[in-house]
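What's in my_file32.pdb: PDB, C-alpha atoms
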ATOM      1  CA  MET A1484     236.091 167.278  24.512
ATOM      2  CA  SER A1485     233.492 166.035  26.935
ATOM      3  CA  GLU A1486     231.326 169.023  26.147
ATOM      4  CA  GLN A1487     231.342 168.096  22.445
ATOM      5  CA  THR A1488     230.488 164.502  23.169
ATOM      6  CA  GLN A1489     227.660 165.656  25.326
ATOM      7  CA  LYS A1490     226.424 168.014  22.657
ATOM      8  CA  ALA A1491     226.454 165.292  20.022
ATOM      9  CA  GLU A1492     224.430 163.111  22.290
ATOM     10  CA  LEU A1493     221.886 165.841  22.815
ATOM     11  CA  ASP A1494     221.211 166.472  19.137
ATOM     12  CA  PRO A1495     219.760 163.362  17.435
ATOM     13  CA  ALA A1496     216.221 164.752  17.231
ATOM     14  CA  LEU A1497     217.486 168.052  15.940
ATOM     15  CA  GLU A1498     219.852 166.329  13.580
ATOM     16  CA  GLN A1499     217.017 164.285  12.157
ATOM     17  CA  ARG A1500     214.933 167.404  11.675
ATOM     18  CA  ILE A1501     217.857 169.104   9.968
ATOM     19  CA  ASN A1502     218.319 166.094   7.726
ATOM     20  CA  GLU A1503     214.663 166.182   6.802
ATOM     21  CA  ILE A1504     214.772 169.847   5.965
ATOM     22  CA  VAL A1505     217.956 169.438   3.944
ATOM     23  CA  ALA A1506     216.470 166.480   2.068
ATOM     24  CA  GLU A1507     213.317 168.459   1.288
ATOM     25  CA  LYS A1508     215.312 171.474   0.155
ATOM     26  CA  PHE A1509     217.550 169.292  -1.954
ATOM     27  CA  ALA A1510     214.628 167.534  -3.628
ATOM     28  CA  GLU A1511     213.089 170.907  -4.361
ATOM     29  CA  LEU A1512     216.328 172.195  -5.871
ATOM     30  CA  VAL A1513     216.650 169.104  -8.063
ATOM     31  CA  ARG A1514     213.052 169.551  -9.228
ATOM     32  CA  THR A1515     213.603 173.199 -10.155
ATOM     33  CA  ASP A1516     216.866 172.340 -11.842
ATOM     34  CA  GLN A1517     215.263 169.610 -13.911
ATOM     35  CA  LEU A1518     212.433 171.904 -14.914
ATOM     36  CA  ALA A1519     214.923 174.586 -15.921
ATOM     37  CA  LEU A1520     216.932 172.016 -17.838
ATOM     38  CA  ALA A1521     213.880 170.758 -19.698
ATOM     39  CA  ALA A1522     212.868 174.321 -20.503
ATOM     40  CA  ALA A1523     216.361 175.093 -21.738
ATOM     41  CA  ARG A1524     216.311 171.981 -23.923
ATOM     42  CA  SER A1525     213.022 172.801 -25.535
ATOM     43  CA  GLU A1526     214.190 176.358 -26.071
ATOM     44  CA  ALA A1527     217.562 175.317 -27.428
ATOM     45  CA  LYS A1528     216.116 173.620 -30.499
ATOM     46  CA  PRO A1529     214.153 176.392 -32.175
ATOM     47  CA  LYS A1530     216.927 178.784 -31.173
ATOM     48  CA  ARG A1531     219.031 177.614 -34.118
ATOM     49  CA  LYS A1532     218.854 180.545 -36.466
ATOM     50  CA  ARG A1533     217.796 179.938 -40.036
ATOM     51  CA  ARG A1534     220.660 180.952 -42.263
ATOM     52  CA  ARG A1535     220.209 183.438 -45.054
ATOM     53  CA  LEU A1536     221.893 183.802 -48.450
ATOM     54  CA  ALA A1537     221.632 186.958 -50.536
ATOM     55  CA  LEU A1538     222.886 186.875 -54.116
ATOM     56  CA  VAL A1539     223.126 189.428 -56.874
ATOM     57  CA  ALA A1540     223.167 187.812 -60.321
ATOM     58  CA  SER A1541     224.514 190.439 -62.707
ATOM     59  CA  LYS A1542     225.754 188.438 -65.706
ATOM     60  CA  GLY A1543     223.699 187.032 -68.534
ATOM     61  CA  THR A1544     225.995 184.437 -70.032
ATOM     62  CA  LEU A1545     225.319 180.727 -69.741
ATOM     63  CA  ASP A1546     228.442 180.085 -67.658
ATOM     64  CA  MET A1547     227.555 182.872 -65.251
ATOM     65  CA  ALA A1548     223.947 181.752 -64.850
ATOM     66  CA  TYR A1549     224.999 178.532 -63.164
ATOM     67  CA  PRO A1550     226.929 179.734 -60.083
ATOM     68  CA  PRO A1551     224.113 181.763 -58.482
ATOM     69  CA  LEU A1552     221.523 179.094 -59.294
ATOM     70  CA  ILE A1553     223.679 176.259 -57.939
ATOM     71  CA  LEU A1554     224.385 178.130 -54.712
ATOM     72  CA  ALA A1555     220.765 179.161 -54.328
ATOM     73  CA  SER A1556     219.316 175.695 -54.956
ATOM     74  CA  THR A1557     221.829 174.144 -52.556
ATOM     75  CA  ALA A1558     221.171 176.687 -49.827
ATOM     76  CA  GLY A1559     217.443 176.230 -50.358
ATOM     77  CA  ALA A1560     217.873 172.456 -50.065
ATOM     78  CA  MET A1561     219.643 172.964 -46.737
ATOM     79  CA  GLY A1562     216.762 174.987 -45.394
ATOM     80  CA  TRP A1563     218.326 178.409 -45.825
ATOM     81  CA  GLU A1564     216.329 181.474 -46.677
ATOM     82  CA  VAL A1565     217.552 182.615 -50.080
ATOM     83  CA  GLY A1566     217.055 185.680 -52.228
ATOM     84  CA  ILE A1567     218.542 186.339 -55.666
ATOM     85  CA  PHE A1568     218.430 189.800 -57.142
ATOM     86  CA  PHE A1569     218.642 189.585 -60.938
ATOM     87  CA  THR A1570     220.037 192.800 -62.279
ATOM     88  CA  PHE A1571     221.312 194.102 -65.634
ATOM     89  CA  TYR A1572     222.290 191.208 -67.909
ATOM     90  CA  GLY A1573     221.606 188.842 -65.035
ATOM     91  CA  LEU A1574     217.920 189.555 -65.669
ATOM     92  CA  ASP A1575     218.170 187.380 -68.798
ATOM     93  CA  ILE A1576     218.419 184.335 -66.522
ATOM     94  CA  ILE A1577     214.764 184.757 -65.548
ATOM     95  CA  ASN A1578     213.595 186.291 -68.830
ATOM     96  CA  LYS A1579     211.249 183.797 -70.493
ATOM     97  CA  ARG A1580     212.142 184.982 -73.974
ATOM     98  CA  ARG A1581     215.890 184.841 -73.394
ATOM     99  CA  ASN A1582     216.871 182.354 -70.706
ATOM    100  CA  ARG A1583     216.844 179.319 -72.973
ATOM    101  CA  ASN A1584     219.291 181.057 -75.276
ATOM    102  CA  LEU A1585     221.973 182.204 -72.861
ATOM    103  CA  GLN A1586     225.331 182.139 -74.611
ATOM    104  CA  VAL A1587     228.940 181.554 -73.745
ATOM    105  CA  ALA A1588     231.195 184.405 -74.858
ATOM    106  CA  PRO A1589     234.363 183.109 -76.534
ATOM    107  CA  VAL A1590     235.758 186.625 -76.988
ATOM    108  CA  GLY A1591     237.748 187.927 -74.054
ATOM    109  CA  ASN A1592     237.494 184.517 -72.442
ATOM    110  CA  PRO A1593     240.985 183.057 -72.277
ATOM    111  CA  ALA A1594     239.650 180.009 -70.445
ATOM    112  CA  MET A1595     237.985 178.758 -73.621
ATOM    113  CA  PRO A1596     239.432 175.329 -74.293
ATOM    114  CA  VAL A1597     239.414 175.770 -78.078
ATOM    115  CA  PRO A1598     243.052 175.429 -79.141
ATOM    116  CA  VAL A1599     242.899 178.528 -81.331
ATOM    117  CA  PRO A1600     243.921 182.121 -80.707
ATOM    118  CA  ASN A1601     241.352 184.131 -78.791
ATOM    119  CA  VAL A1602     240.769 186.415 -81.760
ATOM    120  CA  VAL A1603     239.152 183.491 -83.599
ATOM    121  CA  GLY A1604     236.364 183.778 -81.052
ATOM    122  CA  ALA A1605     235.293 186.978 -82.791
ATOM    123  CA  ILE A1606     234.469 185.158 -86.015
ATOM    124  CA  PRO A1607     230.710 184.883 -86.590
ATOM    125  CA  GLY A1608     229.336 181.602 -85.339
ATOM    126  CA  MET A1609     231.975 181.118 -82.671
ATOM    127  CA  THR A1610     229.670 182.201 -79.842
ATOM    128  CA  ALA A1611     227.075 179.675 -80.946
ATOM    129  CA  MET A1612     229.769 177.043 -81.159
ATOM    130  CA  ALA A1613     231.157 177.784 -77.713
ATOM    131  CA  THR A1614     227.625 177.716 -76.314
ATOM    132  CA  LYS A1615     226.829 174.418 -77.986
ATOM    133  CA  MET A1616     230.045 173.000 -76.610
ATOM    134  CA  MET A1617     229.265 174.006 -73.033
ATOM    135  CA  LYS A1618     225.690 172.723 -73.274
ATOM    136  CA  GLY A1619     227.161 169.450 -74.495
ATOM    137  CA  TRP A1620     229.463 169.218 -71.485
ATOM    138  CA  MET A1621     226.665 170.090 -69.114
ATOM    139  CA  ASN A1622     224.469 167.430 -70.640
ATOM    140  CA  ALA A1623     227.216 164.815 -70.526
ATOM    141  CA  ALA A1624     227.796 165.597 -66.847
ATOM    142  CA  ARG A1625     224.023 165.237 -66.271
ATOM    143  CA  MET A1626     223.849 168.817 -65.057
ATOM    144  CA  PRO A1627     220.404 170.379 -64.983
ATOM    145  CA  THR A1628     219.572 173.127 -67.457
ATOM    146  CA  VAL A1629     219.177 176.731 -66.304
ATOM    147  CA  ASP A1630     215.413 176.260 -66.481
ATOM    148  CA  GLU A1631     215.546 173.149 -64.339
ATOM    149  CA  LEU A1632     217.764 174.859 -61.766
ATOM    150  CA  ILE A1633     215.298 177.728 -61.547
ATOM    151  CA  GLN A1634     212.502 175.207 -60.902
ATOM    152  CA  MET A1635     214.637 173.601 -58.151
ATOM    153  CA  CYS A1636     215.151 177.021 -56.605
ATOM    154  CA  ARG A1637     211.419 177.656 -56.688
ATOM    155  CA  ALA A1638     210.747 174.286 -55.076
ATOM    156  CA  THR A1639     212.845 175.263 -52.059
ATOM    157  CA  GLY A1640     211.286 178.688 -51.725
ATOM    158  CA  VAL A1641     214.143 180.762 -53.113
ATOM    159  CA  GLN A1642     212.947 184.322 -53.610
ATOM    160  CA  MET A1643     213.845 185.585 -57.046
ATOM    161  CA  ILE A1644     213.655 189.291 -57.598
ATOM    162  CA  ALA A1645     213.786 191.015 -60.970
ATOM    163  CA  CYS A1646     215.431 194.432 -60.832
ATOM    164  CA  SER A1647     212.811 196.999 -61.803
ATOM    165  CA  THR A1648     215.398 199.504 -63.008
ATOM    166  CA  THR A1649     216.880 196.970 -65.407
ATOM    167  CA  MET A1650     213.400 196.162 -66.664
ATOM    168  CA  GLY A1651     212.812 199.845 -67.343
ATOM    169  CA  VAL A1652     216.193 200.438 -68.945
ATOM    170  CA  MET A1653     216.148 197.327 -71.108
ATOM    171  CA  LYS A1654     212.435 197.460 -71.921
ATOM    172  CA  VAL A1655     211.588 194.147 -70.310
ATOM    173  CA  ASP A1656     207.880 193.620 -69.580
ATOM    174  CA  ALA A1657     206.621 191.972 -66.423
ATOM    175  CA  ASP A1658     205.136 189.340 -68.770
ATOM    176  CA  ASP A1659     208.634 188.459 -69.957
ATOM    177  CA  ILE A1660     209.718 187.514 -66.454
ATOM    178  CA  MET A1661     209.182 183.886 -65.467
ATOM    179  CA  ASP A1662     206.315 182.993 -63.133
ATOM    180  CA  GLY A1663     206.939 183.037 -59.411
ATOM    181  CA  MET A1664     209.376 185.954 -59.505
ATOM    182  CA  THR A1665     208.847 189.300 -57.871
ATOM    183  CA  ILE A1666     209.858 192.717 -59.097
ATOM    184  CA  GLY A1667     211.881 194.767 -56.680
ATOM    185  CA  GLY A1668     214.383 197.494 -56.085
ATOM    186  CA  ALA A1669     217.714 197.991 -54.384
ATOM    187  CA  ALA A1670     216.287 199.128 -51.039
ATOM    188  CA  ALA A1671     214.208 195.979 -50.577
ATOM    189  CA  PHE A1672     217.139 193.796 -51.576
ATOM    190  CA  LEU A1673     219.515 195.584 -49.200
ATOM    191  CA  ASP A1674     216.991 195.201 -46.409
ATOM    192  CA  PHE A1675     217.001 191.437 -47.053
ATOM    193  CA  ALA A1676     220.798 191.304 -47.518
ATOM    194  CA  ALA A1677     221.530 193.250 -44.324
ATOM    195  CA  ASP A1678     220.495 190.229 -42.275
ATOM    196  CA  ALA A1679     222.122 187.624 -44.521
ATOM    197  CA  ASP A1680     224.891 185.303 -43.392
ATOM    198  CA  VAL A1681     226.328 185.117 -46.887
ATOM    199  CA  ASN A1682     226.203 187.911 -49.466
ATOM    200  CA  LEU A1683     227.632 187.429 -52.931
ATOM    201  CA  PHE A1684     227.734 189.542 -56.057
ATOM    202  CA  ILE A1685     228.037 187.311 -59.089
TER
ATOM    203  CA  MET B 708     233.400 147.077 -39.088
ATOM    204  CA  THR B 709     230.281 148.591 -37.615
ATOM    205  CA  THR B 710     226.890 147.268 -38.615
ATOM    206  CA  LEU B 711     225.279 149.615 -41.088
ATOM    207  CA  PRO B 712     221.796 150.874 -40.346
ATOM    208  CA  ALA B 713     219.105 149.163 -42.406
ATOM    209  CA  PRO B 714     217.860 151.800 -44.849
ATOM    210  CA  ASP B 715     214.133 152.358 -45.375
ATOM    211  CA  HIS B 716     214.855 154.233 -48.607
ATOM    212  CA  VAL B 717     217.671 154.366 -51.149
ATOM    213  CA  LEU B 718     218.557 157.377 -53.291
ATOM    214  CA  ASP B 719     221.015 156.768 -56.088
ATOM    215  CA  CYS B 720     222.758 159.971 -57.195
ATOM    216  CA  SER B 721     225.520 158.179 -59.059
ATOM    217  CA  GLY B 722     226.862 160.112 -62.001
ATOM    218  CA  THR B 723     225.451 163.469 -60.909
ATOM    219  CA  LEU B 724     227.441 166.431 -59.674
ATOM    220  CA  CYS B 725     226.879 169.237 -57.207
ATOM    221  CA  PRO B 726     224.229 170.505 -56.550
ATOM    222  CA  MET B 727     222.207 167.441 -57.531
ATOM    223  CA  PRO B 728     222.970 165.021 -54.659
ATOM    224  CA  VAL B 729     222.076 167.638 -52.043
ATOM    225  CA  VAL B 730     219.029 168.903 -53.937
ATOM    226  CA  ARG B 731     217.723 165.388 -54.571
ATOM    227  CA  LEU B 732     218.378 164.301 -50.999
ATOM    228  CA  ARG B 733     216.335 167.230 -49.766
ATOM    229  CA  GLU B 734     213.479 166.267 -52.106
ATOM    230  CA  GLU B 735     213.532 162.654 -50.949
ATOM    231  CA  ILE B 736     213.993 163.307 -47.241
ATOM    232  CA  GLU B 737     210.907 165.500 -47.288
ATOM    233  CA  LYS B 738     208.834 162.519 -48.414
ATOM    234  CA  ILE B 739     209.950 160.066 -45.728
ATOM    235  CA  ALA B 740     208.866 159.726 -42.102
ATOM    236  CA  VAL B 741     210.797 161.097 -39.124
ATOM    237  CA  GLY B 742     213.127 158.415 -37.776
ATOM    238  CA  GLN B 743     213.457 156.585 -41.086
ATOM    239  CA  VAL B 744     216.854 155.965 -42.628
ATOM    240  CA  ILE B 745     217.744 156.889 -46.191
ATOM    241  CA  LYS B 746     220.862 155.637 -47.932
ATOM    242  CA  VAL B 747     222.368 158.015 -50.490
ATOM    243  CA  ILE B 748     224.721 156.641 -53.130
ATOM    244  CA  ALA B 749     226.921 159.268 -54.763
ATOM    245  CA  THR B 750     229.953 159.369 -57.004
ATOM    246  CA  ASP B 751     230.561 163.129 -56.776
ATOM    247  CA  PRO B 752     233.778 163.594 -54.763
ATOM    248  CA  ALA B 753     232.326 166.841 -53.381
ATOM    249  CA  SER B 754     229.694 164.775 -51.582
ATOM    250  CA  VAL B 755     232.316 163.868 -48.957
ATOM    251  CA  ASN B 756     232.064 167.409 -47.607
ATOM    252  CA  ASP B 757     228.620 168.304 -48.886
ATOM    253  CA  MET B 758     226.752 165.527 -47.091
ATOM    254  CA  PRO B 759     228.104 166.396 -43.605
ATOM    255  CA  ALA B 760     227.343 170.057 -44.398
ATOM    256  CA  PHE B 761     223.787 169.090 -45.320
ATOM    257  CA  ALA B 762     223.487 167.270 -42.004
ATOM    258  CA  ARG B 763     224.809 170.235 -40.007
ATOM    259  CA  ASN B 764     222.537 172.666 -41.793
ATOM    260  CA  THR B 765     219.319 170.663 -41.726
ATOM    261  CA  GLY B 766     219.690 168.744 -38.471
ATOM    262  CA  HIS B 767     219.111 165.405 -40.211
ATOM    263  CA  GLU B 768     221.524 162.924 -38.706
ATOM    264  CA  LEU B 769     224.359 161.498 -40.802
ATOM    265  CA  LEU B 770     224.718 158.061 -39.238
ATOM    266  CA  GLU B 771     227.409 156.483 -41.367
ATOM    267  CA  THR B 772     229.621 157.211 -44.353
ATOM    268  CA  VAL B 773     230.970 154.351 -46.426
ATOM    269  CA  LYS B 774     233.630 154.759 -49.073
ATOM    270  CA  GLY B 775     233.424 152.129 -51.758
ATOM    271  CA  PRO B 776     235.472 151.744 -54.929
ATOM    272  CA  GLY B 777     234.478 154.858 -56.907
ATOM    273  CA  PHE B 778     231.360 155.636 -54.902
ATOM    274  CA  TYR B 779     230.201 156.724 -51.485
ATOM    275  CA  GLU B 780     227.251 155.759 -49.356
ATOM    276  CA  TYR B 781     225.701 158.043 -46.768
ATOM    277  CA  TYR B 782     223.132 156.928 -44.214
ATOM    278  CA  PHE B 783     220.857 159.681 -42.957
ATOM    279  CA  ARG B 784     218.213 159.501 -40.300
ATOM    280  CA  LYS B 785     215.431 162.001 -40.747
ATOM    281  CA  THR B 786     214.907 164.153 -37.676
ATOM    282  CA  ALA B 787     211.881 166.236 -36.745
ATOM    283  CA  GLU B 788     210.997 169.342 -38.723
ATOM    284  CA  GLU B 789     213.784 171.725 -39.557
ATOM    285  CA  ASP B 790     214.183 174.613 -37.185
ATOM    286  CA  GLU B 791     213.236 178.079 -38.183
TER
END
Can I see the file as structure tokens?
Amino acid sequence: MSEQTQKAELDPALEQRINEIVAEKFAELVRTDQLALAAARSEAKPKRKRRRLALVASKGTLDMAYPPLILASTAGAMGWEVGIFFTFYGLDIINKRRNRNLQVAPVGNPAMPVPVPNVVGAIPGMTAMATKMMKGWMNAARMPTVDELIQMCRATGVQMIACSTTMGVMKVDADDIMDGMTIGGAAAFLDFAADADVNLFI
Amino acid sequence: MTTLPAPDHVLDCSGTLCPMPVVRLREEIEKIAVGQVIKVIATDPASVNDMPAFARNTGHELLETVKGPGFYEYYFRKTAEEDE
């Protein structure tokens, strides 16, 4: 007991020195920590990965042109990287000569609201009627046209790729494809799609 | 009731459906300055989920959501450039 008391009395100079060293060390640690924290903060922001959407548009009817274009324009608006591969009849969506005349097929489409048997859809003129009807609904709902949606996609940097095989098979010239599109093949699309967060075949 | 932020800009998307509110908001938010507040008016019921999703995906801050009779108001604050 007395030894301890004596020891404590002997140490004030040493204790002060220890305190100084500890304080210095502590200040240094805080400094390093703050620097590391600041570095982590500045790194954390650009770390957020840009999301990617890869779509295959394979249908050439009016009703099937909308889903890929709506998803693509929305993803583009949210800063995603987007690519749409237009293949087979889907190529019509970006075909200048055809994309203003995309049709709705009443035959084999039991969702048609016309209160007539489906077979009536096969009568000449029914496709035009069904198409006119859908365009009317779209217009009434203030939905953009296919053309307008494509322009919105372009405005957000959506990559639109025309399938070269389809072009060859269906005798579509590069001149028939809308401006701002590229012509590509399956390998390039797969390379893009392999790193996508969302992949859809429509 | 909380005080709503004073908007610097107003975007009226009433009567339009998905994807228009999101697409138009993106167009407008690009034109305004960082830190400014834009109020979006929408009637599309999908906007209730779409607007928070837009905020999460772009980093722009959704400050307040107001549900009115038959319409919604969203207050966004533009943040610095979107991350790559």
Tell me which residues the PyMOL selection byres ((chain A) within 10 of (chain B)) grabs here, as an NGL selection string. :A and (1528-1534 or 1552-1564 or 1623-1627 or 1632 or 1635-1636 or 1638-1639)
Target residues per the PyMOL selection byres ((chain B and resi 719) around 7), formatted as a PDB file with C-alpha atoms, keeping the file's coordinate frame:
ATOM      1  CA  VAL B 717     217.671 154.366 -51.149  1.00  0.00           C
ATOM      2  CA  LEU B 718     218.557 157.377 -53.291  1.00  0.00           C
ATOM      3  CA  CYS B 720     222.758 159.971 -57.195  1.00  0.00           C
ATOM      4  CA  SER B 721     225.520 158.179 -59.059  1.00  0.00           C
ATOM      5  CA  VAL B 747     222.368 158.015 -50.490  1.00  0.00           C
ATOM      6  CA  ILE B 748     224.721 156.641 -53.130  1.00  0.00           C
ATOM      7  CA  ALA B 749     226.921 159.268 -54.763  1.00  0.00           C
TER       8      ALA B 749
END
Run the PyMOL selection byres ((chain B and resi 783-788) around 8) on the file and write out the hits as an mmCIF file with C-alpha atoms, in the frame of the given file.
data_model
loop_
_atom_site.group_PDB
_atom_site.id
_atom_site.type_symbol
_atom_site.label_atom_id
_atom_site.label_comp_id
_atom_site.auth_asym_id
_atom_site.auth_seq_id
_atom_site.Cartn_x
_atom_site.Cartn_y
_atom_site.Cartn_z
ATOM 1 C CA ILE B 736 213.993 163.307 -47.241
ATOM 2 C CA ILE B 739 209.950 160.066 -45.728
ATOM 3 C CA ALA B 740 208.866 159.726 -42.102
ATOM 4 C CA VAL B 741 210.797 161.097 -39.124
ATOM 5 C CA GLY B 742 213.127 158.415 -37.776
ATOM 6 C CA GLN B 743 213.457 156.585 -41.086
ATOM 7 C CA VAL B 744 216.854 155.965 -42.628
ATOM 8 C CA ILE B 745 217.744 156.889 -46.191
ATOM 9 C CA LYS B 746 220.862 155.637 -47.932
ATOM 10 C CA VAL B 747 222.368 158.015 -50.490
ATOM 11 C CA GLY B 766 219.690 168.744 -38.471
ATOM 12 C CA HIS B 767 219.111 165.405 -40.211
ATOM 13 C CA GLU B 768 221.524 162.924 -38.706
ATOM 14 C CA LEU B 769 224.359 161.498 -40.802
ATOM 15 C CA LEU B 770 224.718 158.061 -39.238
ATOM 16 C CA GLU B 771 227.409 156.483 -41.367
ATOM 17 C CA TYR B 781 225.701 158.043 -46.768
ATOM 18 C CA TYR B 782 223.132 156.928 -44.214
ATOM 19 C CA GLU B 789 213.784 171.725 -39.557
ATOM 20 C CA ASP B 790 214.183 174.613 -37.185
#
CA of Ile1660 in chain A to CA of Gly1566 in chain A: how many Å, to one decimal?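 Separation between CA of Ile1660 in chain A and CA of Gly1566 in chain A: 16.1 Å.
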Please compute the CA of Ile1567 in chain A-CA of Ala1611 in chain A distance, one decimal, in Å. 27.5 Å
As a short mmCIF file (atom, residue, chain, number, x, y, z; two decimals), keeping the file's coordinate frame, please: range 747-760 of chain B completed to N, CA and C atoms.
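Below is the file rebuild-v1.cif, written as the result:
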data_model
loop_
_atom_site.label_atom_id
_atom_site.label_comp_id
_atom_site.auth_asym_id
_atom_site.auth_seq_id
_atom_site.Cartn_x
_atom_site.Cartn_y
_atom_site.Cartn_z
N VAL B 747 222.08 157.24 -49.29
CA VAL B 747 222.37 158.01 -50.49
C VAL B 747 223.64 157.44 -51.12
N ILE B 748 223.53 157.11 -52.41
CA ILE B 748 224.72 156.64 -53.13
C ILE B 748 225.16 157.79 -54.04
N ALA B 749 226.41 158.16 -53.95
CA ALA B 749 226.92 159.27 -54.76
C ALA B 749 228.31 158.95 -55.28
N THR B 750 228.60 159.53 -56.46
CA THR B 750 229.95 159.37 -57.00
C THR B 750 230.69 160.71 -57.01
N ASP B 751 229.96 161.80 -56.79
CA ASP B 751 230.56 163.13 -56.78
C ASP B 751 231.53 163.23 -55.60
N PRO B 752 232.82 163.50 -55.88
CA PRO B 752 233.78 163.59 -54.76
C PRO B 752 233.44 164.72 -53.79
N ALA B 753 232.71 165.74 -54.27
CA ALA B 753 232.33 166.84 -53.38
C ALA B 753 231.35 166.38 -52.31
N SER B 754 230.69 165.25 -52.55
CA SER B 754 229.69 164.78 -51.58
C SER B 754 230.32 164.47 -50.22
N VAL B 755 231.62 164.18 -50.22
CA VAL B 755 232.32 163.87 -48.96
C VAL B 755 232.17 165.03 -47.96
N ASN B 756 232.24 166.24 -48.48
CA ASN B 756 232.06 167.41 -47.61
C ASN B 756 230.64 167.94 -47.62
N ASP B 757 229.97 167.75 -48.76
CA ASP B 757 228.62 168.30 -48.89
C ASP B 757 227.60 167.59 -48.00
N MET B 758 227.74 166.27 -47.89
CA MET B 758 226.75 165.53 -47.09
C MET B 758 226.83 165.87 -45.59
N PRO B 759 228.05 165.93 -45.00
CA PRO B 759 228.10 166.40 -43.60
C PRO B 759 227.58 167.83 -43.45
N ALA B 760 227.84 168.67 -44.46
CA ALA B 760 227.34 170.06 -44.40
C ALA B 760 225.82 170.07 -44.43
#
